[in-house]
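Below you'll find the structure, written out as structure tokens, and then a few comments.
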Amino acid sequence: MIHPLRRTGFHRFDALKDISFTVERGEFFGIVGRNGSGKSTLLKCLAGIYGVDSGEIYMDGRVSTFIELGVGFNPDLAARDNVIVNGVMLGLSPREALARYDRVMEFAELREFEDLKLKNYSSGMQVRLAFSVMVQVDADILLIDEVLAVGDVAFQQKCFDVFNRLRDEGRTILFVTHDMAAVQRFCDRAMLIEKGELSILGEPSEVAARYVDVSFEASSQEEPEATEQSGDGTARLIDAWFSDEDGERVDTLRQGRECSFHARVRFEDEARDPAIAVVIENEHHQPLMATSTDWAQRRTGGFRPGDEAEFSVHLEMAFAPGRIYASPWVAYRGGNRIMDRRSRMATAVITGTHWSGGLVDLPHEVRFEAGGRVHQGTASV
Amino acid sequence: MSGSEAYSLGRPIKGPSALGSDPRRMLHLALTLAVMEFKLRFFGSVLGYFWQLMRPLMLFGVLYAVFTQFVKLGAGIDYYPAILLTGIVLFTFFADATGTSVTSVADRESLVRKVEFPRLVVPLAVILIAYFNLVLNLLAVLVFVLATGVEPRLEWLALPLMLIPLGFFAGGLAMLLSALYVRFRDVQPIWEVMLQVVFYGSPILYVIEQLPTVTLQHLVVWFNPIATILVQARHSLIDENAPNSWDVAGGWVYLLIPGGITVALLALGFWVFNREAPRIAEEL
């Protein structure tokens, strides 16, 4: 029987731990993290929506929080009333809100619809209205939580144009997002939160790279596809793995860095000049590269039962970010009869912030000539 | 920036509270929310305000028919219709303010979880809306009272003074109930039953002299601030021959009891709400 007064057990959960940072006036500061990492909780603490159990937060200037566009909007009220309610919620007095009404409607380009009830606005018009209230609130510090996820690309661009203008006017912007491209394009500095703790704070590009690493590390823990085995058993592949530039066995590889594939073979019977090969393919079963000892050297030597050998391929990781699989095999000389073949025996996730859309991202040079002027740039992953 | 005290850190962010740091902002917010809500009711449906007025009038019509035609409770009481309507309108204010307040904080979840603002704004706005309605309903009551042959008197000016303790009593309960409801959803059905008790425990359908014993009359006026206000409203507004609240209480000193209850509820309500305010956004 459940006792109505008995306390059910609970365990303590700290959503945020040991996070200290300072943002200067006029900075565009990004806060990134995976789902559930605590970044939105942090923003709500900064906004004063949640109280903190320990620690201190200081804000110098008027703060406006945009966790959601159009807080307090009511579909049955006309634009004017909604602008006032929203403005007052965001920290204006009713008089200030009313004084800004004209500018809000100009900016939103909704002047001709001002007498309509909000429910008759399209969702795009509602977003425009909400956004222009937010811009006209004149806060010194803006706390923004993925507000931009709602609009189309053109709207998002407009948002960032406005944010840049506000930043240039000396406003401070703290911005929570998943969008690494936005972080790198707009933020002056950024910070990554992982499981409630500060992981890295610094240059947006470093933070974005670390974020991608963290995200893929999590997905590389997932069960890779099962391997299949074939061959006559003269040799057995006993292990296969990827390693990073330091030779450490890893699950994730950074794009553009050196890395290696290794396979270990044990011979069960006598073998003469066997060939060892590997095919690396992506998650869509598209082969990305293949190589073999047959192509590198003519003879691998003779082996007796119980002998072991290691095969490795050293390369610079130029594949597009995503999961790769290695399928090694051992064959008799010439490569036609298989001793042992293991499909998808090793796997790794390639991380990188750059994704061009191609299967590989090779270092290359771009040249553009017009009217005698030459623009030139080197792209490397 | 530790150690560099010359550098201004700005103001500390302490998390949400009942009152916030700027009382003007609290008033602005409560007024804005109340006005918008009132607008919605007023212009929201075709007949708008008509329905706001019809609710107490319909209740009055039914009760009047029952208690004068079938149960002769109103027989022999001067101005019974006017007393009944006044009682219903004042009780409607109380029932509206407290009944709506119970779920008010939970209903405003989208605001509470998205913006920082003094949490007390929410029940305060509920009380304000109830006041707007009361003022309009009282205008209708005045017309009715005049139509039933009551002469206007100077004492009518005391009526607004009675609305203040009424609002305090409702406000204390509104703070208490809205804060408790966030944790205990049982508050809503409990309060619905309590409102029935208060309704029958107040001289609305009957007048105070009809209670069988003087002791019972004392007890009702002492421990039910609504009853005290209704007794006084009947005397001041409708029938100067009806007893004053202090006459019924057995001396004005005894009015300190309902007064004390009102103040105590206001303090308790604020204490509970203030204690819960920082956590409301997380508990919702």
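Each chain in the structure tokens gets a letter, A, B and so on, in the order shown; residues start at 1 in every chain, and ligands are counted from 1 in the order they appear.
Using only C-alpha atoms, we find that the part of chain B lying within 6 Å of chain A comprises Leu9, Gly10, Arg11, Pro12, Ile13, Gly15, Pro16, Lys114 and Glu116 of chain B.
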Write a file of the just-selected residues containing N, CA and C atoms, as an mmCIF file, in the first residue's frame.
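Writing the result to again.cif gives the following:
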data_model
loop_
_atom_site.group_PDB
_atom_site.id
_atom_site.type_symbol
_atom_site.label_atom_id
_atom_site.label_comp_id
_atom_site.auth_asym_id
_atom_site.auth_seq_id
_atom_site.Cartn_x
_atom_site.Cartn_y
_atom_site.Cartn_z
ATOM 1 N N LEU B 9 30.293 45.524 -10.863
ATOM 2 C CA LEU B 9 29.748 44.234 -11.269
ATOM 3 C C LEU B 9 28.288 44.357 -11.661
ATOM 4 N N GLY B 10 27.684 45.495 -11.331
ATOM 5 C CA GLY B 10 26.255 45.617 -11.578
ATOM 6 C C GLY B 10 25.484 45.036 -10.428
ATOM 7 N N ARG B 11 24.205 44.790 -10.703
ATOM 8 C CA ARG B 11 23.370 44.309 -9.586
ATOM 9 C C ARG B 11 23.353 42.786 -9.578
ATOM 10 N N PRO B 12 23.227 42.223 -8.376
ATOM 11 C CA PRO B 12 23.178 40.765 -8.303
ATOM 12 C C PRO B 12 21.847 40.226 -8.820
ATOM 13 N N ILE B 13 21.888 39.090 -9.480
ATOM 14 C CA ILE B 13 20.671 38.425 -9.942
ATOM 15 C C ILE B 13 20.329 37.367 -8.907
ATOM 16 N N GLY B 15 17.383 35.651 -8.621
ATOM 17 C CA GLY B 15 16.319 34.705 -8.926
ATOM 18 C C GLY B 15 14.964 35.314 -8.615
ATOM 19 N N PRO B 16 13.903 34.608 -8.971
ATOM 20 C CA PRO B 16 12.569 35.195 -8.850
ATOM 21 C C PRO B 16 12.142 35.362 -7.408
ATOM 22 N N LYS B 114 9.105 31.684 -18.607
ATOM 23 C CA LYS B 114 9.827 32.306 -19.709
ATOM 24 C C LYS B 114 10.392 33.676 -19.386
ATOM 25 N N GLU B 116 11.366 36.731 -16.237
ATOM 26 C CA GLU B 116 11.518 37.068 -14.825
ATOM 27 C C GLU B 116 10.567 38.218 -14.528
#
Determine, for each residue of segment 40-131 of chain B having at least one atom at most 10 Å from an atom of segment 197-206 of chain B, the closest pair of atoms and their separation in Å to one decimal, counting only C-alpha atoms; order by chain and ascending number, as CSV.
residue,atom,partner,partner_atom,distance
B:Phe60,CA,B:Leu205,CA,9.8
B:Leu63,CA,B:Leu205,CA,7.7
B:Tyr64,CA,B:Leu205,CA,8.6
B:Phe67,CA,B:Leu205,CA,7.6
B:Leu73,CA,B:Tyr206,CA,6.7
B:Gly74,CA,B:Tyr206,CA,7.0
B:Ile77,CA,B:Tyr206,CA,9.0
B:Tyr80,CA,B:Tyr206,CA,8.7
B:Pro81,CA,B:Leu205,CA,9.8
B:Ile83,CA,B:Ile204,CA,7.3
B:Leu84,CA,B:Ile204,CA,5.7
B:Leu85,CA,B:Ile204,CA,8.3
B:Thr86,CA,B:Ile204,CA,8.2
B:Gly87,CA,B:Ile204,CA,4.9
B:Ile88,CA,B:Ile204,CA,6.6
B:Val89,CA,B:Ile204,CA,9.8
B:Leu90,CA,B:Ile204,CA,9.4
B:Phe91,CA,B:Phe199,CA,7.4
B:Thr92,CA,B:Phe199,CA,9.7
B:Phe94,CA,B:Val198,CA,9.9
B:Ala95,CA,B:Phe199,CA,9.0
May I have the residues from that selection written out with N, CA and C atoms, as a tab-separated table (two decimals), in the first residue's frame?
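File result_37.tsv, as written:
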chain	number	residue	atom	x	y	z
B	60	PHE	N	-29.39	35.55	-8.93
B	60	PHE	CA	-30.33	36.31	-8.11
B	60	PHE	C	-31.77	35.91	-8.46
B	63	LEU	N	-32.64	32.38	-7.08
B	63	LEU	CA	-32.70	32.35	-5.62
B	63	LEU	C	-33.91	33.16	-5.13
B	64	TYR	N	-34.15	34.28	-5.80
B	64	TYR	CA	-35.28	35.13	-5.39
B	64	TYR	C	-36.58	34.36	-5.54
B	67	PHE	N	-36.71	31.52	-2.84
B	67	PHE	CA	-36.81	31.89	-1.42
B	67	PHE	C	-37.91	32.89	-1.12
B	73	LEU	N	-38.44	32.27	3.03
B	73	LEU	CA	-37.35	32.77	3.86
B	73	LEU	C	-37.31	34.29	3.86
B	74	GLY	N	-37.67	34.87	2.70
B	74	GLY	CA	-37.55	36.31	2.56
B	74	GLY	C	-38.79	37.05	3.07
B	77	ILE	N	-39.03	40.36	5.49
B	77	ILE	CA	-37.78	41.12	5.54
B	77	ILE	C	-37.90	42.30	4.59
B	80	TYR	N	-35.91	42.66	0.87
B	80	TYR	CA	-35.23	41.37	0.69
B	80	TYR	C	-34.55	41.25	-0.68
B	81	PRO	N	-35.23	41.65	-1.80
B	81	PRO	CA	-34.55	41.51	-3.10
B	81	PRO	C	-33.24	42.29	-3.15
B	83	ILE	N	-31.30	43.14	-0.68
B	83	ILE	CA	-30.30	42.51	0.19
B	83	ILE	C	-29.72	41.28	-0.50
B	84	LEU	N	-30.61	40.50	-1.11
B	84	LEU	CA	-30.17	39.28	-1.80
B	84	LEU	C	-29.19	39.62	-2.92
B	85	LEU	N	-29.55	40.61	-3.75
B	85	LEU	CA	-28.69	40.94	-4.90
B	85	LEU	C	-27.35	41.49	-4.43
B	86	THR	N	-27.37	42.37	-3.43
B	86	THR	CA	-26.10	42.92	-2.92
B	86	THR	C	-25.21	41.81	-2.40
B	87	GLY	N	-25.84	40.91	-1.64
B	87	GLY	CA	-25.07	39.78	-1.10
B	87	GLY	C	-24.47	38.94	-2.21
B	88	ILE	N	-25.26	38.65	-3.23
B	88	ILE	CA	-24.76	37.81	-4.33
B	88	ILE	C	-23.59	38.50	-5.04
B	89	VAL	N	-23.74	39.80	-5.31
B	89	VAL	CA	-22.68	40.51	-6.05
B	89	VAL	C	-21.38	40.55	-5.24
B	90	LEU	N	-21.50	40.83	-3.93
B	90	LEU	CA	-20.29	40.88	-3.11
B	90	LEU	C	-19.67	39.48	-2.97
B	91	PHE	N	-20.54	38.47	-2.83
B	91	PHE	CA	-19.99	37.12	-2.72
B	91	PHE	C	-19.38	36.66	-4.05
B	92	THR	N	-19.99	37.09	-5.17
B	92	THR	CA	-19.44	36.75	-6.48
B	92	THR	C	-18.02	37.29	-6.62
B	94	PHE	N	-15.91	37.71	-4.18
B	94	PHE	CA	-15.05	36.86	-3.35
B	94	PHE	C	-14.81	35.50	-4.03
B	95	ALA	N	-15.88	34.90	-4.54
B	95	ALA	CA	-15.76	33.58	-5.16
B	95	ALA	C	-14.92	33.65	-6.43
Exercise for review: Run DSSP on the backbone and grab whatever in segment 59-264 of chain A lands in alpha helix (DSSP H); send it over as a PyMOL selection string.
Suggested key: chain A and resi 79-89+94-99+101-108+123-136+153-168+180-186+204-220
Exercise for review: Do a neighbour search on Leu256 of chain B at 12 Å with only C-alpha atoms, toss out local chain neighbours closer than 5 positions, and write the hits as a PyMOL selection string.
Suggested key: chain B and resi 221-225+228+245-246+249-251+261-264
Expected file contents, prior selection, C-alpha atoms, as a PDB file, in the first residue's frame:
ATOM      1  CA  VAL B 221     -19.906  37.816  12.443  1.00  0.00           C
ATOM      2  CA  TRP B 222     -16.740  37.150  14.430  1.00  0.00           C
ATOM      3  CA  PHE B 223     -15.284  34.369  12.371  1.00  0.00           C
ATOM      4  CA  ASN B 224     -16.555  35.092   8.864  1.00  0.00           C
ATOM      5  CA  PRO B 225     -15.259  38.443   7.578  1.00  0.00           C
ATOM      6  CA  THR B 228     -19.335  41.062   8.781  1.00  0.00           C
ATOM      7  CA  SER B 245     -22.003  45.050  12.228  1.00  0.00           C
ATOM      8  CA  TRP B 246     -20.827  46.132  15.679  1.00  0.00           C
ATOM      9  CA  ALA B 249     -20.923  41.481  17.055  1.00  0.00           C
ATOM     10  CA  GLY B 250     -21.814  42.703  20.524  1.00  0.00           C
ATOM     11  CA  GLY B 251     -19.640  45.783  20.500  1.00  0.00           C
ATOM     12  CA  ILE B 261      -8.471  37.149  10.770  1.00  0.00           C
ATOM     13  CA  THR B 262      -8.219  39.224   7.591  1.00  0.00           C
ATOM     14  CA  VAL B 263      -4.824  40.637   8.508  1.00  0.00           C
ATOM     15  CA  ALA B 264      -3.563  37.233   9.646  1.00  0.00           C
TER      16      ALA B 264
END
**Study point:** Selection: 10 Å around Asp188 of chain A, only C-alpha atoms, excl. self and same-chain fewer than 6 positions, as a list in words
**Key:** Gly26, Glu27, Phe28, Phe29, Gly30, Gly202, Glu203 and Pro204 of chain A
Review point. Out of B:Leu284, B:Val231, B:Leu138, B:Ile208, which residue has the shortest atom-to-atom distance to Phe93 of chain B when counting only C-alpha atoms?
Key: B:Leu138
Report the closest atom pair, with its distance in Å rounded to one decimal, for each residue of segment 112-158 of chain A that has an atom no farther than 7 Å from segment 165-180 of chain A; count only C-alpha atoms, sort by chain and then rising residue number, and write it as CSV.
residue,atom,partner,partner_atom,distance
A:Asp140,CA,A:Arg171,CA,5.0
A:Ile141,CA,A:Thr172,CA,4.8
A:Leu142,CA,A:Ile173,CA,4.8
A:Leu143,CA,A:Leu174,CA,5.0
A:Ile144,CA,A:Phe175,CA,4.8
A:Asp145,CA,A:Val176,CA,4.8
A:Glu146,CA,A:Thr177,CA,5.3
Point to revise | Residues within 12 Å of Gly269 of chain B, only C-alpha atoms, excluding chain neighbours under 5 positions, as a PyMOL selection string | key: chain B and resi 18+98+120+123+168-180+261-264+274-277
Just-selected residues, N, CA and C atoms written as a PDB file, in the first residue's frame:
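And here is the file that came out, result.pdb:
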ATOM      1  N   ALA B  18       8.619  37.137  -4.829  1.00  0.00           N
ATOM      2  CA  ALA B  18       7.215  37.540  -4.880  1.00  0.00           C
ATOM      3  C   ALA B  18       7.087  38.998  -5.310  1.00  0.00           C
ATOM      4  N   THR B  98     -11.034  34.434  -5.439  1.00  0.00           N
ATOM      5  CA  THR B  98     -10.315  33.309  -4.846  1.00  0.00           C
ATOM      6  C   THR B  98     -10.361  32.091  -5.770  1.00  0.00           C
ATOM      7  N   LEU B 120       4.157  37.839  -7.557  1.00  0.00           N
ATOM      8  CA  LEU B 120       2.920  38.283  -6.930  1.00  0.00           C
ATOM      9  C   LEU B 120       1.978  38.940  -7.945  1.00  0.00           C
ATOM     10  N   PRO B 123      -1.478  36.644  -8.845  1.00  0.00           N
ATOM     11  CA  PRO B 123      -2.706  36.747  -8.043  1.00  0.00           C
ATOM     12  C   PRO B 123      -3.212  38.178  -7.926  1.00  0.00           C
ATOM     13  N   PHE B 168      -8.756  42.643   0.824  1.00  0.00           N
ATOM     14  CA  PHE B 168      -7.655  42.092   1.621  1.00  0.00           C
ATOM     15  C   PHE B 168      -7.910  40.632   1.954  1.00  0.00           C
ATOM     16  N   PHE B 169      -9.145  40.345   2.371  1.00  0.00           N
ATOM     17  CA  PHE B 169      -9.504  38.974   2.732  1.00  0.00           C
ATOM     18  C   PHE B 169      -9.331  38.055   1.518  1.00  0.00           C
ATOM     19  N   ALA B 170      -9.865  38.511   0.361  1.00  0.00           N
ATOM     20  CA  ALA B 170      -9.748  37.707  -0.861  1.00  0.00           C
ATOM     21  C   ALA B 170      -8.285  37.611  -1.294  1.00  0.00           C
ATOM     22  N   GLY B 171      -7.547  38.724  -1.129  1.00  0.00           N
ATOM     23  CA  GLY B 171      -6.148  38.742  -1.573  1.00  0.00           C
ATOM     24  C   GLY B 171      -5.272  37.789  -0.778  1.00  0.00           C
ATOM     25  N   GLY B 172      -5.481  37.760   0.547  1.00  0.00           N
ATOM     26  CA  GLY B 172      -4.703  36.836   1.380  1.00  0.00           C
ATOM     27  C   GLY B 172      -4.944  35.404   0.952  1.00  0.00           C
ATOM     28  N   LEU B 173      -6.220  35.075   0.738  1.00  0.00           N
ATOM     29  CA  LEU B 173      -6.547  33.718   0.307  1.00  0.00           C
ATOM     30  C   LEU B 173      -5.997  33.436  -1.089  1.00  0.00           C
ATOM     31  N   ALA B 174      -6.053  34.457  -1.977  1.00  0.00           N
ATOM     32  CA  ALA B 174      -5.565  34.261  -3.345  1.00  0.00           C
ATOM     33  C   ALA B 174      -4.081  33.903  -3.344  1.00  0.00           C
ATOM     34  N   MET B 175      -3.289  34.601  -2.520  1.00  0.00           N
ATOM     35  CA  MET B 175      -1.851  34.311  -2.449  1.00  0.00           C
ATOM     36  C   MET B 175      -1.626  32.904  -1.919  1.00  0.00           C
ATOM     37  N   LEU B 176      -2.358  32.587  -0.837  1.00  0.00           N
ATOM     38  CA  LEU B 176      -2.194  31.288  -0.195  1.00  0.00           C
ATOM     39  C   LEU B 176      -2.555  30.155  -1.157  1.00  0.00           C
ATOM     40  N   LEU B 177      -3.733  30.284  -1.784  1.00  0.00           N
ATOM     41  CA  LEU B 177      -4.238  29.191  -2.619  1.00  0.00           C
ATOM     42  C   LEU B 177      -3.399  29.010  -3.878  1.00  0.00           C
ATOM     43  N   SER B 178      -3.030  30.141  -4.522  1.00  0.00           N
ATOM     44  CA  SER B 178      -2.298  30.011  -5.786  1.00  0.00           C
ATOM     45  C   SER B 178      -0.920  29.405  -5.548  1.00  0.00           C
ATOM     46  N   ALA B 179      -0.289  29.728  -4.410  1.00  0.00           N
ATOM     47  CA  ALA B 179       1.035  29.168  -4.128  1.00  0.00           C
ATOM     48  C   ALA B 179       0.929  27.692  -3.775  1.00  0.00           C
ATOM     49  N   LEU B 180      -0.109  27.340  -2.984  1.00  0.00           N
ATOM     50  CA  LEU B 180      -0.256  25.938  -2.576  1.00  0.00           C
ATOM     51  C   LEU B 180      -0.604  25.043  -3.761  1.00  0.00           C
ATOM     52  N   ILE B 261      -8.516  38.303  11.679  1.00  0.00           N
ATOM     53  CA  ILE B 261      -8.471  37.149  10.770  1.00  0.00           C
ATOM     54  C   ILE B 261      -8.020  37.592   9.381  1.00  0.00           C
ATOM     55  N   THR B 262      -8.577  38.718   8.921  1.00  0.00           N
ATOM     56  CA  THR B 262      -8.219  39.224   7.591  1.00  0.00           C
ATOM     57  C   THR B 262      -6.731  39.541   7.508  1.00  0.00           C
ATOM     58  N   VAL B 263      -6.240  40.259   8.515  1.00  0.00           N
ATOM     59  CA  VAL B 263      -4.824  40.637   8.508  1.00  0.00           C
ATOM     60  C   VAL B 263      -3.943  39.389   8.607  1.00  0.00           C
ATOM     61  N   ALA B 264      -4.360  38.445   9.480  1.00  0.00           N
ATOM     62  CA  ALA B 264      -3.563  37.233   9.646  1.00  0.00           C
ATOM     63  C   ALA B 264      -3.509  36.440   8.346  1.00  0.00           C
ATOM     64  N   ASN B 274       5.560  34.164  -0.735  1.00  0.00           N
ATOM     65  CA  ASN B 274       6.927  34.653  -0.798  1.00  0.00           C
ATOM     66  C   ASN B 274       7.928  33.501  -0.687  1.00  0.00           C
ATOM     67  N   ARG B 275       7.580  32.522   0.144  1.00  0.00           N
ATOM     68  CA  ARG B 275       8.460  31.375   0.343  1.00  0.00           C
ATOM     69  C   ARG B 275       8.503  30.502  -0.912  1.00  0.00           C
ATOM     70  N   GLU B 276       7.346  30.387  -1.585  1.00  0.00           N
ATOM     71  CA  GLU B 276       7.262  29.508  -2.747  1.00  0.00           C
ATOM     72  C   GLU B 276       7.760  30.190  -4.024  1.00  0.00           C
ATOM     73  N   ALA B 277       7.679  31.533  -4.050  1.00  0.00           N
ATOM     74  CA  ALA B 277       7.937  32.269  -5.292  1.00  0.00           C
ATOM     75  C   ALA B 277       9.220  31.873  -6.013  1.00  0.00           C
TER      76      ALA B 277
END
Study note, to complete from the structure: As a check of understanding: the span from atom CA of Val349 of chain A to atom CA of Thr252 of chain A is 4.6 Å
Check your understanding: To one decimal place, how far is atom CA of Ser110 of chain B from atom CA of Gly70 of chain A in Å?
Key -> 10.5 Å
